[in-house]
Structures are given as C-alpha cells and as structure tokens.
file protein.cif (mmCIF, C-alpha atoms)
data_work
loop_
_atom_site.group_PDB
_atom_site.id
_atom_site.type_symbol
_atom_site.label_atom_id
_atom_site.label_comp_id
_atom_site.auth_asym_id
_atom_site.auth_seq_id
_atom_site.Cartn_x
_atom_site.Cartn_y
_atom_site.Cartn_z
ATOM 1 C CA MET L 1 -1.106 -15.929 -36.645
ATOM 2 C CA ASP L 2 -3.399 -16.641 -33.679
ATOM 3 C CA LEU L 3 -5.482 -18.987 -35.791
ATOM 4 C CA ALA L 4 -2.409 -20.634 -37.317
ATOM 5 C CA GLY L 5 -1.092 -21.327 -33.828
ATOM 6 C CA ASN L 6 -4.453 -22.804 -32.872
ATOM 7 C CA ALA L 7 -4.498 -25.067 -35.929
ATOM 8 C CA ILE L 8 -1.026 -26.376 -35.102
ATOM 9 C CA ALA L 9 -2.073 -26.904 -31.474
ATOM 10 C CA TYR L 10 -5.018 -29.011 -32.665
ATOM 11 C CA ALA L 11 -2.620 -31.123 -34.713
ATOM 12 C CA ALA L 12 -0.461 -31.612 -31.614
ATOM 13 C CA TYR L 13 -3.556 -32.543 -29.598
ATOM 14 C CA GLN L 14 -4.460 -35.097 -32.246
ATOM 15 C CA GLN L 15 -0.960 -36.579 -32.091
ATOM 16 C CA THR L 16 -1.235 -37.052 -28.332
ATOM 17 C CA ALA L 17 -4.542 -38.891 -28.846
ATOM 18 C CA THR L 18 -2.828 -41.370 -31.179
ATOM 19 C CA GLN L 19 0.022 -42.196 -28.792
ATOM 20 C CA GLN L 20 2.498 -40.001 -30.632
ATOM 21 C CA SER L 21 4.369 -37.204 -28.926
ATOM 22 C CA GLY L 22 2.794 -33.873 -29.730
ATOM 23 C CA THR L 23 5.356 -31.838 -27.821
ATOM 24 C CA ALA L 24 7.203 -30.495 -30.860
ATOM 25 C CA LEU L 25 4.019 -29.396 -32.610
ATOM 26 C CA ALA L 26 2.626 -27.933 -29.395
ATOM 27 C CA ALA L 27 5.806 -25.902 -28.918
ATOM 28 C CA ASP L 28 5.631 -24.784 -32.543
ATOM 29 C CA SER L 29 2.002 -23.702 -32.133
ATOM 30 C CA TYR L 30 2.952 -21.352 -29.332
ATOM 31 C CA GLU L 31 6.069 -20.046 -31.071
ATOM 32 C CA VAL L 32 4.132 -19.285 -34.271
ATOM 33 C CA ALA L 33 1.629 -17.119 -32.427
ATOM 34 C CA ARG L 34 3.268 -15.868 -29.240
ATOM 35 C CA GLN L 35 4.442 -12.502 -30.559
ATOM 36 C CA VAL L 36 0.940 -11.512 -31.642
ATOM 37 C CA ALA L 37 -1.246 -13.719 -29.470
ATOM 38 C CA THR L 38 -3.823 -12.139 -27.218
ATOM 39 C CA PRO L 39 -3.660 -13.284 -23.585
ATOM 40 C CA LYS L 40 -6.401 -15.910 -23.976
ATOM 41 C CA VAL L 41 -4.929 -17.276 -27.199
ATOM 42 C CA GLY L 42 -1.514 -17.551 -25.561
ATOM 43 C CA ALA L 43 -3.061 -19.250 -22.541
ATOM 44 C CA LEU L 44 -4.915 -21.747 -24.749
ATOM 45 C CA LEU L 45 -1.798 -22.634 -26.704
ATOM 46 C CA LEU L 46 0.190 -23.060 -23.506
ATOM 47 C CA ASP L 47 -2.653 -25.127 -22.025
ATOM 48 C CA ARG L 48 -2.413 -27.501 -24.972
ATOM 49 C CA LYS L 49 1.366 -27.497 -24.748
ATOM 50 C CA ALA L 50 1.073 -28.587 -21.115
ATOM 51 C CA TRP L 51 -1.169 -31.485 -22.142
ATOM 52 C CA ALA L 52 1.300 -32.613 -24.817
ATOM 53 C CA HIS L 53 4.092 -32.664 -22.245
ATOM 54 C CA ALA L 54 1.919 -34.495 -19.735
ATOM 55 C CA THR L 55 1.062 -37.229 -22.235
ATOM 56 C CA ALA L 56 4.789 -37.545 -22.961
ATOM 57 C CA GLY L 57 5.486 -37.988 -19.237
ATOM 58 C CA GLU L 58 7.310 -34.653 -18.973
ATOM 59 C CA ALA L 59 6.076 -33.250 -15.652
ATOM 60 C CA GLN L 60 8.410 -30.258 -15.369
ATOM 61 C CA GLU L 61 7.628 -29.051 -18.875
ATOM 62 C CA ALA L 62 3.882 -29.514 -18.287
ATOM 63 C CA ASP L 63 4.090 -27.535 -15.048
ATOM 64 C CA ARG L 64 6.094 -24.793 -16.746
ATOM 65 C CA ALA L 65 3.524 -24.471 -19.548
ATOM 66 C CA LEU L 66 0.635 -24.366 -17.055
ATOM 67 C CA ASN L 67 2.332 -21.595 -15.081
ATOM 68 C CA LEU L 68 2.959 -19.630 -18.275
ATOM 69 C CA ALA L 69 -0.696 -20.117 -19.255
ATOM 70 C CA ARG L 70 -1.802 -18.628 -15.928
ATOM 71 C CA GLU L 71 0.587 -15.708 -16.448
ATOM 72 C CA ALA L 72 -0.779 -15.153 -19.944
ATOM 73 C CA LEU L 73 -4.329 -14.887 -18.579
ATOM 74 C CA ASN L 74 -3.175 -12.208 -16.144
ATOM 75 C CA THR L 75 -1.703 -10.101 -18.938
ATOM 76 C CA PRO L 76 -3.903 -7.153 -19.908
ATOM 77 C CA ALA L 77 -5.343 -7.477 -23.410
ATOM 78 C CA THR L 78 -4.345 -4.674 -25.778
ATOM 79 C CA ARG L 79 -6.923 -5.704 -28.372
ATOM 80 C CA PRO L 80 -10.106 -7.763 -28.398
ATOM 81 C CA GLU L 81 -9.849 -11.506 -27.947
ATOM 82 C CA PRO L 82 -10.976 -13.679 -30.881
ATOM 83 C CA ASP L 83 -14.444 -15.180 -30.422
ATOM 84 C CA TRP L 84 -13.033 -18.718 -30.492
ATOM 85 C CA VAL L 85 -11.330 -18.314 -27.100
ATOM 86 C CA PHE L 86 -14.345 -16.991 -25.186
ATOM 87 C CA TRP L 87 -14.236 -20.028 -22.871
ATOM 88 C CA VAL L 88 -10.563 -19.801 -21.865
ATOM 89 C CA ASP L 89 -10.292 -18.677 -18.261
ATOM 90 C CA ALA L 90 -8.600 -19.620 -14.998
ATOM 91 C CA ALA L 91 -11.010 -22.545 -14.524
ATOM 92 C CA GLU L 92 -9.962 -23.976 -17.911
ATOM 93 C CA ILE L 93 -6.300 -23.801 -16.918
ATOM 94 C CA ASP L 94 -7.088 -25.464 -13.577
ATOM 95 C CA ILE L 95 -9.039 -28.239 -15.294
ATOM 96 C CA MET L 96 -6.135 -28.843 -17.641
ATOM 97 C CA ALA L 97 -3.763 -28.846 -14.669
ATOM 98 C CA GLY L 98 -5.879 -31.563 -13.066
ATOM 99 C CA ARG L 99 -5.921 -33.529 -16.317
ATOM 100 C CA CYS L 100 -2.146 -33.188 -16.649
ATOM 101 C CA TRP L 101 -1.464 -34.332 -13.093
ATOM 102 C CA THR L 102 -3.880 -37.233 -13.576
ATOM 103 C CA GLU L 103 -2.100 -38.242 -16.784
ATOM 104 C CA LEU L 104 1.221 -37.989 -14.962
ATOM 105 C CA ARG L 105 -0.162 -40.216 -12.179
ATOM 106 C CA ARG L 106 0.178 -37.565 -9.501
ATOM 107 C CA PRO L 107 -3.117 -37.760 -7.627
ATOM 108 C CA LEU L 108 -1.922 -35.603 -4.738
ATOM 109 C CA ARG L 109 -1.654 -32.713 -7.196
ATOM 110 C CA ALA L 110 -4.625 -33.629 -9.414
ATOM 111 C CA VAL L 111 -7.382 -34.305 -6.900
ATOM 112 C CA PRO L 112 -7.361 -31.021 -4.932
ATOM 113 C CA VAL L 113 -7.362 -28.802 -8.014
ATOM 114 C CA LEU L 114 -10.063 -30.858 -9.739
ATOM 115 C CA GLU L 115 -12.273 -30.976 -6.641
ATOM 116 C CA ARG L 116 -11.984 -27.228 -6.202
ATOM 117 C CA VAL L 117 -12.592 -26.189 -9.795
ATOM 118 C CA LEU L 118 -15.281 -28.766 -10.566
ATOM 119 C CA GLY L 119 -17.062 -27.837 -7.343
ATOM 120 C CA GLU L 120 -17.554 -24.366 -8.812
ATOM 121 C CA PHE L 121 -19.652 -25.752 -11.698
ATOM 122 C CA ASP L 122 -23.343 -26.414 -11.252
ATOM 123 C CA ASP L 123 -25.341 -29.157 -12.952
ATOM 124 C CA THR L 124 -25.859 -27.068 -16.087
ATOM 125 C CA HIS L 125 -22.189 -27.781 -16.846
ATOM 126 C CA ALA L 126 -22.604 -31.566 -16.864
ATOM 127 C CA ARG L 127 -20.247 -32.040 -19.832
ATOM 128 C CA THR L 128 -17.491 -30.102 -18.096
ATOM 129 C CA ARG L 129 -17.925 -32.038 -14.862
#

call {"tool": "encode", "arguments": {"input": "protein.cif", "output": "structure tokens"}}
result
Amino acid sequence: MDLAGNAIAYAAYQQTATQQSGTALAADSYEVARQVATPKVGALLLDRKAWAHATAGEAQEADRALNLAREALNTPATRPEPDWVFWVDAAEIDIMAGRCWTELRRPLRAVPVLERVLGEFDDTHARTR
C-alpha cells in the first residue's frame, strides 16, 4: 500500500504540473496508504498533498498537510522504512513548506524557512539549493 500511495501521489504531482488540480488524487494517495504507511512514507505523501493544495491556492489545506507531515516524521517507526524514502526528513518538509508559501505568494512565510534550510546545505547539494 505504501508504494500504491506513492504512485497516486506522483499522478497528483503530474496533474499540478499541467495546471490541473491534483488535490483529490493527493488526498487519495494519503488515504490509500495512511493505515500502513511508515512515518517517512506518510510524511512524503502529506508533503505532496501540501504541494497540490498550494498549487490550487488552498493555503489552509497546504499548511494543515505540512503540519501533519512534520508530525508523521516525529512518529516512531515500528518497522523499517522503504529504501525509496531515504531522503525524506525535516529539511525536505521545510523545503516543501518554502515552495508552498512561494507558490501561494506569501514571501514573509517562504523566505525565512528557505533561507534557514538552504543555508544548512553545502555546495555538494547544488541541485537542492
């Protein structure tokens, strides 16, 4: 179910890139996997859900999903995380928060979080920066 949720989240992400609302698919991706998702998988799905809401102009829903993603990361894992979420951490959620607030045209929220989190990366992370 984790992987199914991820596949649906990718479809939602693709919809947002083509100017369609991906909010329904993003919500479905989380619902499909949430009962069995490991903390990082849940956080990733919620991270993508936040982006879908941001691209739809839905600030409250984006903020809610980002907060739930942070909570998910703080949940103790009861089994190993899948290899495909090795990169999901608090910095990833912060970067997505900055992206969401940028998309929502809220620079007072976007700039501080992006400056802080991107300042933690050195030049070996040029793609991320």

call {"tool": "atom_distance", "arguments": {"input": "protein.cif", "atom1": "atom CA of Ala50 of chain L", "atom2": "atom CA of Arg64 of chain L"}}
result
7.7 Å

call {"tool": "atom_distance", "arguments": {"input": "protein.cif", "atom1": "atom CA of Gly22 of chain L", "atom2": "atom CA of Trp87 of chain L"}}
result
23.0 Å

call {"tool": "atom_distance", "arguments": {"input": "protein.cif", "atom1": "atom CA of Pro39 of chain L", "atom2": "atom CA of Gly57 of chain L"}}
result
26.7 Å

call {"tool": "resolve_selection", "arguments": {"input": "protein.cif", "expression": "the PyMOL selection byres ((chain L and resi 37) around 12)", "output": "number ranges by chain"}}
result
L: 1-6, 29-36, 38-46, 72-73, 75-82, 85

call {"tool": "residues_around", "arguments": {"input": "protein.cif", "residues": "segment 108-124 of chain L", "least_positions_apart": "2", "cutoff": "10 Å", "atoms": "all atoms listed in the file", "output": "list in words"}}
result
Ala90, Ala91, Glu92, Ile93, Asp94, Ile95, Met96, Ala97, Gly98, Arg99, Cys100, Trp101, Thr102, Glu103, Leu104, Arg105, Arg106, Ala126, Arg127, Thr128 and Arg129 of chain L

call {"tool": "write_last_selection", "arguments": {"input": "protein.cif", "atoms": "C-alpha atoms", "output": "PDB file, keeping the file's coordinate frame"}}
result
ATOM      1  CA  ALA L  90      -8.600 -19.620 -14.998  1.00  0.00           C
ATOM      2  CA  ALA L  91     -11.010 -22.545 -14.524  1.00  0.00           C
ATOM      3  CA  GLU L  92      -9.962 -23.976 -17.911  1.00  0.00           C
ATOM      4  CA  ILE L  93      -6.300 -23.801 -16.918  1.00  0.00           C
ATOM      5  CA  ASP L  94      -7.088 -25.464 -13.577  1.00  0.00           C
ATOM      6  CA  ILE L  95      -9.039 -28.239 -15.294  1.00  0.00           C
ATOM      7  CA  MET L  96      -6.135 -28.843 -17.641  1.00  0.00           C
ATOM      8  CA  ALA L  97      -3.763 -28.846 -14.669  1.00  0.00           C
ATOM      9  CA  GLY L  98      -5.879 -31.563 -13.066  1.00  0.00           C
ATOM     10  CA  ARG L  99      -5.921 -33.529 -16.317  1.00  0.00           C
ATOM     11  CA  CYS L 100      -2.146 -33.188 -16.649  1.00  0.00           C
ATOM     12  CA  TRP L 101      -1.464 -34.332 -13.093  1.00  0.00           C
ATOM     13  CA  THR L 102      -3.880 -37.233 -13.576  1.00  0.00           C
ATOM     14  CA  GLU L 103      -2.100 -38.242 -16.784  1.00  0.00           C
ATOM     15  CA  LEU L 104       1.221 -37.989 -14.962  1.00  0.00           C
ATOM     16  CA  ARG L 105      -0.162 -40.216 -12.179  1.00  0.00           C
ATOM     17  CA  ARG L 106       0.178 -37.565  -9.501  1.00  0.00           C
ATOM     18  CA  ALA L 126     -22.604 -31.566 -16.864  1.00  0.00           C
ATOM     19  CA  ARG L 127     -20.247 -32.040 -19.832  1.00  0.00           C
ATOM     20  CA  THR L 128     -17.491 -30.102 -18.096  1.00  0.00           C
ATOM     21  CA  ARG L 129     -17.925 -32.038 -14.862  1.00  0.00           C
TER      22      ARG L 129
END

call {"tool": "closest_residue", "arguments": {"input": "protein.cif", "among": "L:Arg48, L:Asp89, L:Asn74, L:Asp83", "to": "Glu61 of chain L", "atoms": "all atoms listed in the file"}}
result
L:Arg48

call {"tool": "resolve_selection", "arguments": {"input": "protein.cif", "expression": "the PyMOL selection byres ((chain L and resi 53) around 9)", "output": "PyMOL selection string"}}
result
chain L and resi 21-23+26+48-52+54-63+65+100

call {"tool": "write_last_selection", "arguments": {"input": "protein.cif", "atoms": "C-alpha atoms", "output": "tab-separated table (two decimals), in the coordinates of the input"}}
result
chain	number	residue	atom	x	y	z
L	21	SER	CA	4.37	-37.20	-28.93
L	22	GLY	CA	2.79	-33.87	-29.73
L	23	THR	CA	5.36	-31.84	-27.82
L	26	ALA	CA	2.63	-27.93	-29.40
L	48	ARG	CA	-2.41	-27.50	-24.97
L	49	LYS	CA	1.37	-27.50	-24.75
L	50	ALA	CA	1.07	-28.59	-21.12
L	51	TRP	CA	-1.17	-31.48	-22.14
L	52	ALA	CA	1.30	-32.61	-24.82
L	54	ALA	CA	1.92	-34.49	-19.74
L	55	THR	CA	1.06	-37.23	-22.24
L	56	ALA	CA	4.79	-37.54	-22.96
L	57	GLY	CA	5.49	-37.99	-19.24
L	58	GLU	CA	7.31	-34.65	-18.97
L	59	ALA	CA	6.08	-33.25	-15.65
L	60	GLN	CA	8.41	-30.26	-15.37
L	61	GLU	CA	7.63	-29.05	-18.88
L	62	ALA	CA	3.88	-29.51	-18.29
L	63	ASP	CA	4.09	-27.54	-15.05
L	65	ALA	CA	3.52	-24.47	-19.55
L	100	CYS	CA	-2.15	-33.19	-16.65
